[in-house]
file model_9.txt (compact mmCIF, C-alpha atoms)
# COMPACT_ATOMS: atom_id res chain seq x y z
CA MET V 245 27.23 -20.62 44.62
CA THR V 246 27.40 -20.73 40.86
CA SER V 247 26.12 -17.22 40.41
CA PRO V 248 28.77 -15.24 42.20
CA SER V 249 28.09 -11.72 41.06
CA ALA V 250 24.51 -12.26 39.98
CA SER V 251 23.02 -9.85 42.47
CA SER V 252 25.48 -7.10 41.67
CA ARG V 253 25.30 -7.58 37.88
CA LYS V 254 24.21 -4.58 35.96
CA VAL V 255 21.54 -4.88 33.30
CA LEU V 256 22.69 -5.29 29.74
CA SER V 257 23.34 -2.16 27.71
CA LYS V 258 21.14 -1.59 24.68
CA ILE V 259 23.97 -2.62 22.40
CA ALA V 260 24.55 -5.83 24.37
CA CYS V 261 20.84 -6.58 24.33
CA GLY V 262 20.60 -6.11 20.58
CA ARG V 263 23.61 -8.24 19.88
CA LEU V 264 22.52 -11.03 22.23
CA GLN V 265 19.07 -11.15 20.69
CA LYS V 266 20.71 -11.71 17.33
CA GLU V 267 23.09 -14.31 18.66
CA LEU V 268 20.18 -16.10 20.28
CA VAL V 269 18.24 -16.14 17.03
CA GLU V 270 21.33 -17.50 15.32
CA TRP V 271 21.60 -20.23 17.97
CA GLN V 272 18.01 -21.17 17.45
CA VAL V 273 18.21 -21.16 13.68
CA ASN V 274 21.61 -22.69 13.35
CA PRO V 275 22.80 -24.23 16.61
CA PRO V 276 26.35 -25.54 16.92
CA ALA V 277 26.33 -29.35 16.92
CA GLY V 278 26.25 -30.84 20.41
CA PHE V 279 25.25 -27.60 22.10
CA LYS V 280 21.69 -26.72 22.98
CA HIS V 281 20.48 -23.44 24.37
CA LYS V 282 18.01 -24.02 27.19
CA VAL V 283 15.05 -21.75 26.61
CA SER V 284 14.62 -19.08 29.22
CA ASP V 285 13.55 -15.46 29.30
CA ASN V 286 16.86 -14.38 30.71
CA LEU V 287 18.93 -12.89 27.94
CA GLN V 288 21.80 -12.15 30.28
CA ARG V 289 22.33 -15.72 31.45
CA TRP V 290 22.35 -18.53 28.96
CA VAL V 291 22.37 -22.15 30.00
CA ILE V 292 23.80 -24.39 27.31
CA GLU V 293 23.48 -28.14 27.35
CA VAL V 294 26.67 -29.77 26.16
CA ASN V 295 26.80 -33.31 24.93
CA GLY V 296 30.08 -35.09 25.50
CA ALA V 297 31.78 -35.57 22.15
CA PRO V 298 31.43 -39.08 20.75
CA GLY V 299 34.62 -41.15 21.02
CA THR V 300 35.79 -39.31 24.15
CA LEU V 301 35.55 -40.20 27.82
CA TYR V 302 32.57 -37.88 28.01
CA ALA V 303 30.46 -39.50 25.31
CA ASN V 304 26.78 -39.90 26.27
CA GLU V 305 27.22 -37.44 29.15
CA THR V 306 25.36 -34.16 29.29
CA TYR V 307 26.71 -31.12 31.10
CA GLN V 308 25.38 -27.62 31.53
CA LEU V 309 27.38 -24.52 30.76
CA GLN V 310 26.28 -21.26 32.27
CA VAL V 311 27.17 -18.17 30.29
CA ASP V 312 26.77 -14.81 32.00
CA PHE V 313 27.03 -11.74 29.82
CA PRO V 314 28.37 -8.47 31.22
CA GLU V 315 26.72 -5.08 30.82
CA HIS V 316 29.09 -4.07 28.07
CA TYR V 317 29.18 -7.29 26.10
CA PRO V 318 30.79 -7.80 23.57
CA MET V 319 33.47 -5.29 24.66
CA GLU V 320 33.80 -7.39 27.80
CA ALA V 321 34.01 -11.17 27.70
CA PRO V 322 31.21 -13.32 29.07
CA GLN V 323 31.80 -15.55 32.08
CA VAL V 324 31.48 -19.22 31.25
CA ILE V 325 31.29 -21.91 33.92
CA PHE V 326 29.95 -25.44 34.18
CA VAL V 327 26.90 -25.85 36.38
CA PRO V 328 27.94 -28.54 38.89
CA PRO V 329 28.26 -31.43 38.52
CA ALA V 330 30.99 -30.36 36.17
CA PRO V 331 32.83 -32.85 33.99
CA LEU V 332 35.92 -34.30 35.55
CA HIS V 333 38.79 -32.67 33.69
CA PRO V 334 42.24 -31.30 34.58
CA HIS V 335 41.13 -27.80 33.50
CA ILE V 336 37.77 -27.80 35.20
CA TYR V 337 37.35 -27.17 38.92
CA SER V 338 34.62 -28.94 40.83
CA ASN V 339 32.74 -25.64 41.24
CA GLY V 340 32.47 -25.46 37.46
CA HIS V 341 35.16 -22.88 36.81
CA ILE V 342 37.22 -23.49 33.73
CA CYS V 343 40.90 -22.68 33.35
CA LEU V 344 41.73 -22.41 29.72
CA ALA V 345 44.04 -20.56 27.38
CA GLN V 346 42.30 -22.21 24.44
CA PRO V 347 38.77 -23.41 23.84
CA LEU V 348 37.84 -26.71 25.49
CA ARG V 349 38.39 -29.09 22.64
CA VAL V 350 39.79 -32.42 23.65
CA PHE V 351 38.85 -34.18 26.84
CA LEU V 352 41.55 -36.77 27.41
CA VAL V 353 41.89 -37.44 31.10
CA GLN V 354 39.14 -37.53 33.68
CA GLN V 355 40.53 -35.86 36.77
CA ARG V 356 40.30 -32.55 38.59
CA PRO V 357 42.99 -29.88 38.38
CA ALA V 358 45.88 -30.42 40.81
CA ASP V 359 44.96 -27.34 42.88
CA ASN V 360 41.23 -28.04 42.87
CA ASP V 361 40.59 -27.95 46.61
CA ARG V 362 42.54 -24.77 47.23
CA TYR V 363 40.93 -22.98 44.28
CA VAL V 364 37.37 -23.95 45.11
CA LYS V 365 37.88 -22.88 48.72
CA ASN V 366 39.15 -19.49 47.60
CA CYS V 367 36.11 -18.98 45.43
CA ARG V 368 33.65 -19.74 48.20
CA ASN V 369 32.89 -16.10 48.87
CA GLY V 370 31.29 -16.01 45.42
CA ARG V 371 34.16 -14.92 43.25
CA SER V 372 33.80 -14.98 39.48
CA PRO V 373 36.39 -16.91 37.46
CA LYS V 374 36.91 -13.65 35.60
CA GLU V 375 38.42 -12.21 38.76
CA THR V 376 40.92 -15.00 38.94
CA ARG V 377 44.45 -14.42 37.72
CA TRP V 378 44.86 -17.70 36.01
CA TRP V 379 47.99 -19.67 36.32
CA PHE V 380 48.02 -22.00 33.38
CA HIS V 381 49.23 -25.43 34.36
CA ASP V 382 49.97 -27.16 31.14
CA ASP V 383 48.70 -26.94 27.59
CA LYS V 384 48.91 -30.62 26.90
CA VAL V 385 45.34 -31.45 27.91
CA MET U 10 -34.63 -23.48 -51.55
CA THR U 11 -32.18 -20.73 -50.55
CA GLU U 12 -35.09 -18.35 -50.27
CA GLN U 13 -36.69 -20.70 -47.77
CA VAL U 14 -33.52 -21.03 -45.72
CA ARG U 15 -33.09 -17.27 -45.61
CA ARG U 16 -36.72 -16.83 -44.63
CA ARG U 17 -36.32 -19.30 -41.79
CA GLU U 18 -33.16 -17.60 -40.61
CA LEU U 19 -34.94 -14.28 -40.67
CA ASP U 20 -37.84 -15.77 -38.74
CA LEU U 21 -35.45 -17.20 -36.26
CA SER U 22 -33.57 -13.96 -35.81
CA SER U 23 -36.74 -11.98 -35.56
CA SER U 24 -37.98 -14.34 -32.87
CA PHE U 25 -34.59 -13.97 -31.19
CA CYS U 26 -34.96 -10.21 -31.39
CA ARG U 27 -38.47 -10.33 -29.99
CA THR U 28 -37.30 -12.52 -27.14
CA VAL U 29 -34.42 -10.27 -26.29
CA TYR U 30 -36.44 -7.06 -26.54
CA SER U 31 -39.26 -8.42 -24.43
CA GLU U 32 -36.87 -9.72 -21.81
CA ILE U 33 -35.04 -6.41 -21.69
CA GLU U 34 -38.43 -4.80 -21.22
CA GLU U 35 -38.96 -7.01 -18.16
CA VAL U 36 -35.66 -5.93 -16.65
CA GLY U 37 -36.39 -2.35 -17.55
CA TRP U 38 -34.92 -0.33 -20.41
CA GLU U 39 -33.76 2.26 -17.91
CA ASN U 40 -31.33 -0.32 -16.57
CA LEU U 41 -29.81 -1.07 -19.97
CA VAL U 42 -26.52 0.74 -20.54
CA ARG U 43 -25.32 -0.98 -23.69
CA LEU U 44 -26.77 -3.16 -26.40
CA GLY U 45 -24.77 -4.72 -29.23
CA GLU U 46 -26.07 -4.19 -32.78
CA ASP U 47 -26.87 -7.90 -33.21
CA LEU U 48 -28.39 -7.98 -29.72
CA THR U 49 -26.00 -10.72 -28.57
CA SER U 50 -24.21 -8.55 -26.06
CA LEU U 51 -25.80 -6.23 -23.58
CA SER U 52 -25.02 -4.64 -20.24
CA PHE U 53 -27.31 -3.76 -17.40
CA ARG U 54 -26.72 -1.35 -14.61
CA ILE U 55 -27.58 -3.07 -11.37
CA THR U 56 -28.02 -1.16 -8.18
CA PHE U 57 -28.23 -2.57 -4.74
CA GLY U 58 -30.35 -1.31 -1.92
CA THR U 59 -30.77 2.44 -1.98
CA ILE U 60 -27.97 3.01 -4.43
CA SER U 61 -24.67 4.43 -5.11
CA ASP U 62 -21.72 6.22 -3.63
CA LEU U 63 -20.44 6.29 -7.20
CA LYS U 64 -17.55 8.61 -7.54
CA PRO U 65 -17.70 10.99 -10.49
CA ASN U 66 -14.80 9.32 -12.34
CA LEU U 67 -16.48 5.95 -12.00
CA GLN U 68 -19.63 7.55 -13.30
CA GLY U 69 -17.81 8.24 -16.53
CA ASN U 70 -16.97 4.58 -16.91
CA VAL U 71 -20.52 3.57 -16.25
CA CYS U 72 -22.10 5.42 -19.11
CA PHE U 73 -20.61 4.13 -22.29
CA ALA U 74 -23.36 4.34 -24.84
CA GLY U 75 -24.71 1.35 -26.71
CA ILE U 76 -24.66 1.55 -30.47
CA SER U 77 -28.34 1.50 -31.30
CA LEU U 78 -29.54 2.92 -28.03
CA GLU U 79 -27.04 5.69 -27.71
CA GLU U 80 -29.51 8.44 -26.88
CA ARG U 81 -31.30 6.31 -24.37
CA ALA U 82 -28.16 5.09 -22.62
CA VAL U 83 -26.86 8.63 -22.23
CA SER U 84 -30.12 9.90 -20.82
CA ASN U 85 -30.19 6.94 -18.42
CA CYS U 86 -26.77 7.84 -17.23
CA SER U 87 -27.58 11.40 -16.54
CA ARG U 88 -30.64 10.29 -14.64
CA HIS U 89 -28.53 8.05 -12.47
CA LEU U 90 -26.06 10.80 -11.97
CA PHE U 91 -28.85 12.80 -10.47
CA LEU U 92 -29.94 9.90 -8.31
CA SER U 93 -26.46 9.15 -7.11
CA ASP U 94 -26.03 12.72 -6.01
CA ARG U 95 -28.84 12.28 -3.62
CA ASP U 96 -27.93 8.83 -2.43
CA GLU U 97 -24.77 8.26 -0.48
CA LYS U 98 -24.91 4.55 0.32
CA GLY U 99 -25.46 1.74 -2.26
CA ARG U 100 -23.23 0.79 -5.19
CA VAL U 101 -23.74 0.51 -8.92
CA HIS U 102 -22.68 -2.56 -10.84
CA ILE U 103 -22.52 -3.29 -14.52
CA MET U 104 -23.64 -6.76 -15.49
CA GLU U 105 -22.44 -7.81 -18.94
CA ILE U 106 -24.39 -10.48 -20.72
CA LEU U 107 -23.45 -12.42 -23.85
CA LEU U 108 -26.23 -14.26 -25.67
CA ASP U 109 -25.78 -17.18 -27.97
CA LYS U 110 -27.87 -17.17 -31.17
CA ALA U 111 -29.59 -20.25 -29.76
CA TYR U 112 -30.73 -18.24 -26.71
CA PRO U 113 -32.73 -19.04 -24.61
CA LYS U 114 -31.84 -22.70 -25.17
CA CYS U 115 -28.28 -21.83 -24.30
CA PRO U 116 -27.87 -19.99 -21.01
CA PRO U 117 -26.46 -16.47 -21.24
CA SER U 118 -22.92 -15.95 -20.07
CA VAL U 119 -22.56 -13.32 -17.39
CA SER U 120 -19.54 -11.27 -16.40
CA ALA U 121 -19.13 -8.38 -14.02
CA ASP U 122 -16.64 -6.49 -11.90
CA VAL U 123 -16.96 -8.82 -8.92
CA PRO U 124 -14.34 -10.85 -7.04
CA TYR U 125 -15.96 -14.06 -8.24
CA ILE U 126 -18.95 -14.85 -10.39
CA PHE U 127 -21.89 -16.96 -9.37
CA LYS U 128 -23.10 -20.13 -11.05
CA LEU U 129 -26.08 -19.24 -13.15
CA GLU U 130 -29.07 -21.50 -12.69
CA TRP U 131 -30.82 -21.77 -16.02
CA SER U 132 -33.75 -23.72 -17.41
CA MET U 133 -35.82 -23.54 -20.57
CA ASN U 134 -38.25 -21.19 -18.86
CA SER U 135 -35.61 -18.85 -17.51
CA ARG U 136 -35.50 -15.28 -18.74
CA LEU U 137 -33.00 -12.45 -18.54
CA LYS U 138 -34.71 -11.06 -15.47
CA ASP U 139 -33.88 -14.34 -13.71
CA ALA U 140 -30.23 -13.91 -14.55
CA VAL U 141 -30.43 -10.31 -13.34
CA GLN U 142 -32.12 -11.42 -10.17
CA GLN U 143 -29.44 -14.03 -9.49
CA PHE U 144 -26.79 -11.40 -10.11
CA GLN U 145 -28.54 -9.09 -7.67
CA GLU U 146 -28.53 -11.80 -5.04
CA HIS U 147 -24.86 -12.37 -5.70
CA VAL U 148 -24.18 -8.66 -5.34
CA GLU U 149 -26.19 -8.63 -2.16
CA LYS U 150 -23.99 -11.33 -0.70
CA LEU U 151 -20.91 -9.27 -1.56
CA GLN U 152 -22.09 -6.08 0.18
CA ASP U 153 -20.21 -6.88 3.35
CA PHE U 154 -17.07 -7.54 1.34
CA TRP U 155 -17.31 -4.18 -0.42
CA SER U 156 -18.19 -2.35 2.78
CA THR U 157 -15.06 -3.81 4.35
CA LEU U 158 -12.93 -2.65 1.43
CA ASP U 159 -14.58 0.76 1.31
CA ASP U 160 -13.88 1.09 5.00
CA ILE U 161 -10.21 0.30 4.39
CA ASP U 162 -10.07 2.79 1.50
CA ARG U 163 -11.71 5.45 3.61
CA SER U 164 -9.77 5.05 6.82
CA LEU U 165 -6.34 3.72 5.83
CA TRP U 166 -3.49 4.78 3.60
CA VAL U 167 -3.84 2.42 0.63
CA VAL U 168 -0.59 2.21 -1.34
CA ASP U 169 -1.94 -0.15 -3.97
CA PRO U 170 -4.21 -0.42 -5.93
CA LYS U 171 -4.61 3.30 -6.54
CA GLN U 172 -7.99 2.93 -8.25
CA PRO U 173 -9.30 -0.45 -7.19
CA HIS U 174 -11.94 -2.33 -9.17
CA ARG U 175 -14.85 -3.90 -7.40
CA ALA U 176 -13.29 -7.25 -8.20
CA THR U 177 -10.03 -6.40 -6.43
CA SER U 178 -9.87 -8.18 -3.09
CA PHE U 179 -6.46 -7.01 -1.90
CA ARG U 180 -5.17 -3.78 -0.43
CA GLN U 181 -1.58 -2.88 0.28
CA ILE U 182 -1.69 -0.49 3.19
CA ASN U 183 0.94 1.74 4.68
CA THR U 184 1.56 0.80 8.30
CA GLY U 185 3.97 3.62 9.04
CA ASP U 186 7.72 3.51 9.59
CA ASP U 187 8.25 2.67 5.90
CA CYS U 188 6.27 -0.52 6.34
CA SER U 189 3.37 -1.76 4.35
CA ILE U 190 1.27 -4.84 4.49
CA MET U 191 -0.77 -6.70 1.92
CA LEU U 192 -4.25 -7.61 3.04
CA LEU U 193 -6.21 -10.24 1.15
CA ILE U 194 -9.88 -9.95 2.03
CA ASN U 195 -11.88 -13.15 1.79
CA ALA U 196 -14.92 -12.27 -0.35
CA ASN U 197 -16.97 -15.01 1.36
CA ASP U 198 -16.00 -13.97 4.85
CA PRO U 199 -14.79 -10.38 4.72
CA ARG U 200 -14.82 -9.89 8.46
CA SER U 201 -12.44 -12.75 9.14
CA ILE U 202 -8.81 -11.89 9.73
CA PRO U 203 -7.44 -11.07 6.28
CA GLU U 204 -4.59 -13.07 4.87
CA MET U 205 -1.52 -10.89 5.04
CA LYS U 206 1.35 -11.26 2.70
CA GLY U 207 3.66 -9.60 0.23
CA LYS U 208 7.33 -9.54 -0.47
CA LEU U 209 7.63 -6.68 1.95
CA LEU U 210 6.90 -8.85 4.97
CA PRO U 211 10.55 -9.59 5.89
CA GLU U 212 11.37 -5.89 5.68
CA ASN U 213 8.30 -5.13 7.75
CA LEU U 214 9.28 -7.61 10.40
CA ALA U 215 12.74 -6.13 10.59
CA SER U 216 11.31 -2.64 11.00
CA VAL U 217 8.67 -3.66 13.49
CA LEU U 218 11.06 -5.71 15.62
CA ASP U 219 13.70 -3.02 15.20
CA THR U 220 16.30 -5.61 14.34
CA GLN U 221 18.02 -7.02 11.30
CA LEU U 222 16.89 -10.62 10.99
CA PRO U 223 19.54 -13.08 9.86
CA GLY U 224 19.18 -14.42 6.35
CA PRO U 225 19.46 -18.09 5.45
CA PRO U 226 22.80 -19.41 6.76
CA ASP U 227 24.58 -19.57 3.37
CA ALA U 228 23.36 -16.30 1.92
CA HIS U 229 24.35 -14.72 5.19
CA LYS U 230 28.04 -15.36 4.62
CA SER U 231 28.30 -14.15 1.04
CA GLY U 232 25.89 -11.25 1.50
CA GLN U 233 26.85 -7.64 1.96
CA HIS U 234 27.35 -6.79 5.58
CA SER U 235 25.83 -3.51 6.39
CA GLU U 236 25.39 -4.57 10.00
CA CYS U 237 28.13 -3.70 12.41
CA GLY U 238 30.51 -6.57 13.08
CA ILE U 239 30.47 -5.79 16.78
CA CYS U 240 26.93 -4.95 17.84
CA TYR U 241 25.41 -6.91 14.90
CA ALA U 242 22.92 -4.13 14.24
CA GLN U 243 22.72 -1.88 11.22
CA TYR U 244 21.69 1.07 13.30
CA LEU U 245 22.86 2.06 16.74
CA PRO U 246 20.14 2.14 19.37
CA ILE U 247 18.45 5.43 20.13
CA ASP U 248 20.31 6.41 23.24
CA ASP U 249 21.22 9.77 24.68
CA GLU U 250 24.58 8.38 25.77
CA LEU U 251 25.52 7.97 22.11
CA GLY U 252 24.99 11.66 21.45
CA ALA U 253 24.90 12.56 17.76
CA LYS U 254 25.63 8.94 16.81
CA SER U 255 22.35 7.77 18.34
CA GLY U 256 20.42 5.74 15.78
CA SER U 257 23.05 6.16 13.07
CA GLY U 258 24.10 3.45 10.62
CA THR U 259 27.50 1.83 10.15
CA ASP U 260 30.08 4.46 9.27
CA TYR U 261 33.36 2.56 9.12
CA THR U 262 34.49 -0.23 6.79
CA CYS U 263 37.64 -2.29 7.15
CA ASP U 264 40.10 -1.15 4.47
CA ASN U 265 41.14 -4.72 3.72
CA ASN U 266 39.19 -5.48 0.54
CA THR U 267 38.82 -9.16 1.31
CA CYS U 268 37.28 -8.24 4.65
CA SER U 269 35.36 -4.97 4.12
CA ARG U 270 33.52 -5.60 7.35
CA ALA U 271 31.27 -2.72 8.38
CA PHE U 272 31.32 -1.22 11.87
CA HIS U 273 29.98 1.68 13.82
CA SER U 274 33.00 3.78 14.66
CA VAL U 275 31.51 3.97 18.18
CA CYS U 276 31.53 0.17 18.52
CA LEU U 277 34.95 -0.27 16.94
CA GLY U 278 36.33 2.44 19.21
CA ASP U 279 34.88 0.75 22.29
CA TRP U 280 36.21 -2.59 21.11
CA LEU U 281 39.71 -1.24 20.52
CA ARG U 282 39.73 0.48 23.89
CA SER U 283 39.05 -2.90 25.54
CA ILE U 284 42.17 -4.39 23.92
CA THR U 285 45.49 -3.81 25.64
CA THR U 286 47.56 -3.60 22.43
CA THR U 287 45.58 -0.68 21.04
CA ARG U 288 47.45 2.60 20.76
CA GLN U 289 46.02 6.06 20.75
CA SER U 290 47.33 9.17 19.05
CA PHE U 291 45.27 12.27 19.77
CA ASP U 292 41.71 11.17 18.96
CA VAL U 293 42.61 8.24 16.72
CA LEU U 294 42.79 4.65 17.95
CA PHE U 295 45.15 2.28 16.14
CA GLY U 296 44.52 -1.44 16.43
CA ASN U 297 43.46 -4.47 14.45
CA CYS U 298 40.22 -5.39 12.73
CA PRO U 299 38.44 -7.91 14.98
CA TYR U 300 37.64 -9.97 11.87
CA CYS U 301 40.75 -9.99 9.67
CA SER U 302 43.36 -8.59 12.10
CA GLU U 303 44.57 -6.05 9.53
CA PRO U 304 45.42 -2.63 10.97
CA VAL U 305 42.51 -0.26 11.50
CA ALA U 306 42.47 3.34 12.62
CA VAL U 307 39.31 4.88 13.94
CA LYS U 308 38.63 8.40 15.04
CA ILE U 309 36.80 8.54 18.33
CA SER U 310 34.59 11.29 19.57
CA THR U 311 36.47 13.18 22.24
CA LYS U 312 33.62 13.87 24.59
CA LYS U 313 32.41 11.03 26.76
call {"tool": "encode", "arguments": {"input": "model_9.txt", "output": "structure tokens"}}
result
Amino acid sequence: MTSPSASSRKVLSKIACGRLQKELVEWQVNPPAGFKHKVSDNLQRWVIEVNGAPGTLYANETYQLQVDFPEHYPMEAPQVIFVPPAPLHPHIYSNGHICLAQPLRVFLVQQRPADNDRYVKNCRNGRSPKETRWWFHDDKV
Amino acid sequence: MTEQVRRRELDLSSSFCRTVYSEIEEVGWENLVRLGEDLTSLSFRITFGTISDLKPNLQGNVCFAGISLEERAVSNCSRHLFLSDRDEKGRVHIMEILLDKAYPKCPPSVSADVPYIFKLEWSMNSRLKDAVQQFQEHVEKLQDFWSTLDDIDRSLWVVDPKQPHRATSFRQINTGDDCSIMLLINANDPRSIPEMKGKLLPENLASVLDTQLPGPPDAHKSGQHSECGICYAQYLPIDDELGAKSGSGTDYTCDNNTCSRAFHSVCLGDWLRSITTTRQSFDVLFGNCPYCSEPVAVKISTKK
């Protein structure tokens, strides 16, 4: 369910492999605060534990982000979704897909996007959020 | 009065001389390679087992002639030369001994070309041959150590030292691919895994792992970037798909002096092609540096 195109994913190119190995080392040496890479032997799929930022509605909560890298990373963007249960947020669908024009910075309101049910239903056949033509609701949250 | 003092001194020194001569006799004059004029310094040649893979140039170092026993020392050397020709194994060691005028009340001090010296056990009844015997035992203990080093010298490409002494317990060896490694052999346990070190280790690791390892976080930012800003590698992978560029280093630098980020033109070309605002004129792509957003123009290879 959360790995839509996993079976059809192509293996990483040599360049992608090399770059990801370096990024992984950098994560291990110098991890961004609040984010923890879960150790695995899969270079193509990273699972990142995210701690809710202190002082927000998500403080003391832990969520898991799943980052899937495409064959031609970094020329193509990775796919980033929350592993359900995803945090309740107007830009995050219950299947973990994230609708964002900007990085997820401030979590202000705990609710699902307005079109959550319709969107999740449409994705049931295992569609990647990267295949979605996003319709940005509002930039206020 | 003074006559008496001088007489006693002479007596003393003649008894000292007698002692030294008789003790050298016990060790064997043929083993003496040097004797100081006042008899307070002397060197013995000590062989172990069935002697000597001495190399000719080492041979030269061995026979430096004593002052009063010049003839003898030289003839000894030539004799050993002959012996060493016949004998392939064993090693020759020079044991240098310094005697105090109060010898044998004071123990002799011993030095030699060994990784570490032994603690001399000495009593009033001890004689030079006892010191020699203790040195021989010490040398015997070190045979395994020297065999290990000889084995390294024989079978590996030793970068340093070029002409090692018997006391030298390290070898810097070439491990191929422009790598070398420093081996420190434990003289007490030469067959244990040697300590490996040297300033070249980070470079070695990078070569062996085929990747540029990140430096400490701060140095990383100010340091020169010779790695590509896109694939993060200094050299492209060896890949037939990359054609002539396979394995090549960064060949493009952002013209903006405050940026100067290095790229592979292959990577920058691929990056620009993935961006919708990039324009192409013949085989040149015009776009923006992914780091500083200043305009960049990169020539792309036409075939692909």
call {"tool": "atom_distance", "arguments": {"input": "model_9.txt", "atom1": "atom CA of Leu245 of chain U", "atom2": "atom CA of His281 of chain V"}}
result
26.7 Å
call {"tool": "interface_residues", "arguments": {"input": "model_9.txt", "of": "chain U", "to": "chain V", "cutoff": "10 Å", "atoms": "all atoms listed in the file", "output": "list in words"}}
result
Asp219, Thr220, Gln221, Leu222, Pro223, Gly224, Pro225, Pro226, Cys237, Gly238, Ile239, Cys240, Tyr241, Ala242, Leu245, Pro246, Ile247, Asp248, Cys276, Leu277, Gly278, Asp279, Trp280, Leu281, Arg282, Ser283 and Ile284 of chain U
call {"tool": "atom_distance", "arguments": {"input": "model_9.txt", "atom1": "atom CA of Gly185 of chain U", "atom2": "atom CA of Ala271 of chain U"}}
result
28.0 Å
call {"tool": "atom_distance", "arguments": {"input": "model_9.txt", "atom1": "atom CA of Glu32 of chain U", "atom2": "atom CA of Glu130 of chain U"}}
result
16.8 Å
call {"tool": "residues_around", "arguments": {"input": "model_9.txt", "residues": "segment 355-361 of chain V", "least_positions_apart": "5", "cutoff": "6 Å", "atoms": "only C-alpha atoms", "output": "PyMOL selection string"}}
result
chain V and resi 332-335+337
call {"tool": "axis_aligned_box", "arguments": {"input": "model_9.txt", "around": "segment 20-32 of chain U", "padding_each_side": "6 Å", "output": "JSON"}}
result
{"center_x": -36.4, "center_y": -12.1, "center_z": -30.3, "size_x": 17.7, "size_y": 22.1, "size_z": 28.9}
call {"tool": "residues_around", "arguments": {"input": "model_9.txt", "residues": "Val327 of chain V", "least_positions_apart": "3", "cutoff": "12 Å", "atoms": "only C-alpha atoms", "output": "ChimeraX atom specification"}}
result
/V:245-247,290-294,306-312,324,330-331,336-342
call {"tool": "residues_near_point", "arguments": {"input": "model_9.txt", "point": "(-16.7, -6.2, 7.7)", "cutoff": "10 Å", "atoms": "all atoms listed in the file", "output": "list in words"}}
result
Gln152, Asp153, Phe154, Trp155, Ser156, Thr157, Leu158, Asp159, Asp160, Ile161, Ile194, Asp198, Pro199, Arg200, Ser201 and Ile202 of chain U
call {"tool": "decode", "arguments": {"input": "model_9.txt", "residues": "segment 145-155 of chain U", "atoms": "N, CA, C and O atoms", "output": "mmCIF file, in the first residue's frame"}}
result
data_model
loop_
_atom_site.group_PDB
_atom_site.id
_atom_site.type_symbol
_atom_site.label_atom_id
_atom_site.label_comp_id
_atom_site.auth_asym_id
_atom_site.auth_seq_id
_atom_site.Cartn_x
_atom_site.Cartn_y
_atom_site.Cartn_z
ATOM 1 N N GLN U 145 73.049 -13.183 23.102
ATOM 2 C CA GLN U 145 72.690 -14.251 22.155
ATOM 3 C C GLN U 145 71.280 -14.763 22.398
ATOM 4 O O GLN U 145 70.530 -15.008 21.458
ATOM 5 N N GLU U 146 70.941 -14.905 23.678
ATOM 6 C CA GLU U 146 69.588 -15.362 23.998
ATOM 7 C C GLU U 146 68.551 -14.344 23.536
ATOM 8 O O GLU U 146 67.487 -14.689 23.024
ATOM 9 N N HIS U 147 68.920 -13.077 23.720
ATOM 10 C CA HIS U 147 68.023 -12.004 23.297
ATOM 11 C C HIS U 147 67.818 -12.064 21.781
ATOM 12 O O HIS U 147 66.695 -12.005 21.280
ATOM 13 N N VAL U 148 68.925 -12.227 21.079
ATOM 14 C CA VAL U 148 68.886 -12.315 19.619
ATOM 15 C C VAL U 148 68.062 -13.516 19.186
ATOM 16 O O VAL U 148 67.300 -13.455 18.223
ATOM 17 N N GLU U 149 68.209 -14.599 19.950
ATOM 18 C CA GLU U 149 67.470 -15.801 19.613
ATOM 19 C C GLU U 149 65.962 -15.543 19.694
ATOM 20 O O GLU U 149 65.191 -15.957 18.842
ATOM 21 N N LYS U 150 65.584 -14.802 20.741
ATOM 22 C CA LYS U 150 64.164 -14.488 20.903
ATOM 23 C C LYS U 150 63.636 -13.638 19.752
ATOM 24 O O LYS U 150 62.458 -13.657 19.444
ATOM 25 N N LEU U 151 64.537 -12.861 19.133
ATOM 26 C CA LEU U 151 64.107 -11.924 18.096
ATOM 27 C C LEU U 151 64.120 -12.550 16.693
ATOM 28 O O LEU U 151 63.767 -11.885 15.725
ATOM 29 N N GLN U 152 64.541 -13.820 16.603
ATOM 30 C CA GLN U 152 64.636 -14.434 15.274
ATOM 31 C C GLN U 152 63.320 -14.407 14.510
ATOM 32 O O GLN U 152 63.271 -14.113 13.322
ATOM 33 N N ASP U 153 62.248 -14.685 15.224
ATOM 34 C CA ASP U 153 60.944 -14.720 14.574
ATOM 35 C C ASP U 153 60.576 -13.332 14.050
ATOM 36 O O ASP U 153 60.019 -13.185 12.952
ATOM 37 N N PHE U 154 60.898 -12.338 14.852
ATOM 38 C CA PHE U 154 60.651 -10.952 14.457
ATOM 39 C C PHE U 154 61.389 -10.622 13.160
ATOM 40 O O PHE U 154 60.809 -10.122 12.196
ATOM 41 N N TRP U 155 62.688 -10.970 13.123
ATOM 42 C CA TRP U 155 63.457 -10.656 11.921
ATOM 43 C C TRP U 155 63.032 -11.495 10.722
ATOM 44 O O TRP U 155 63.042 -11.022 9.593
#
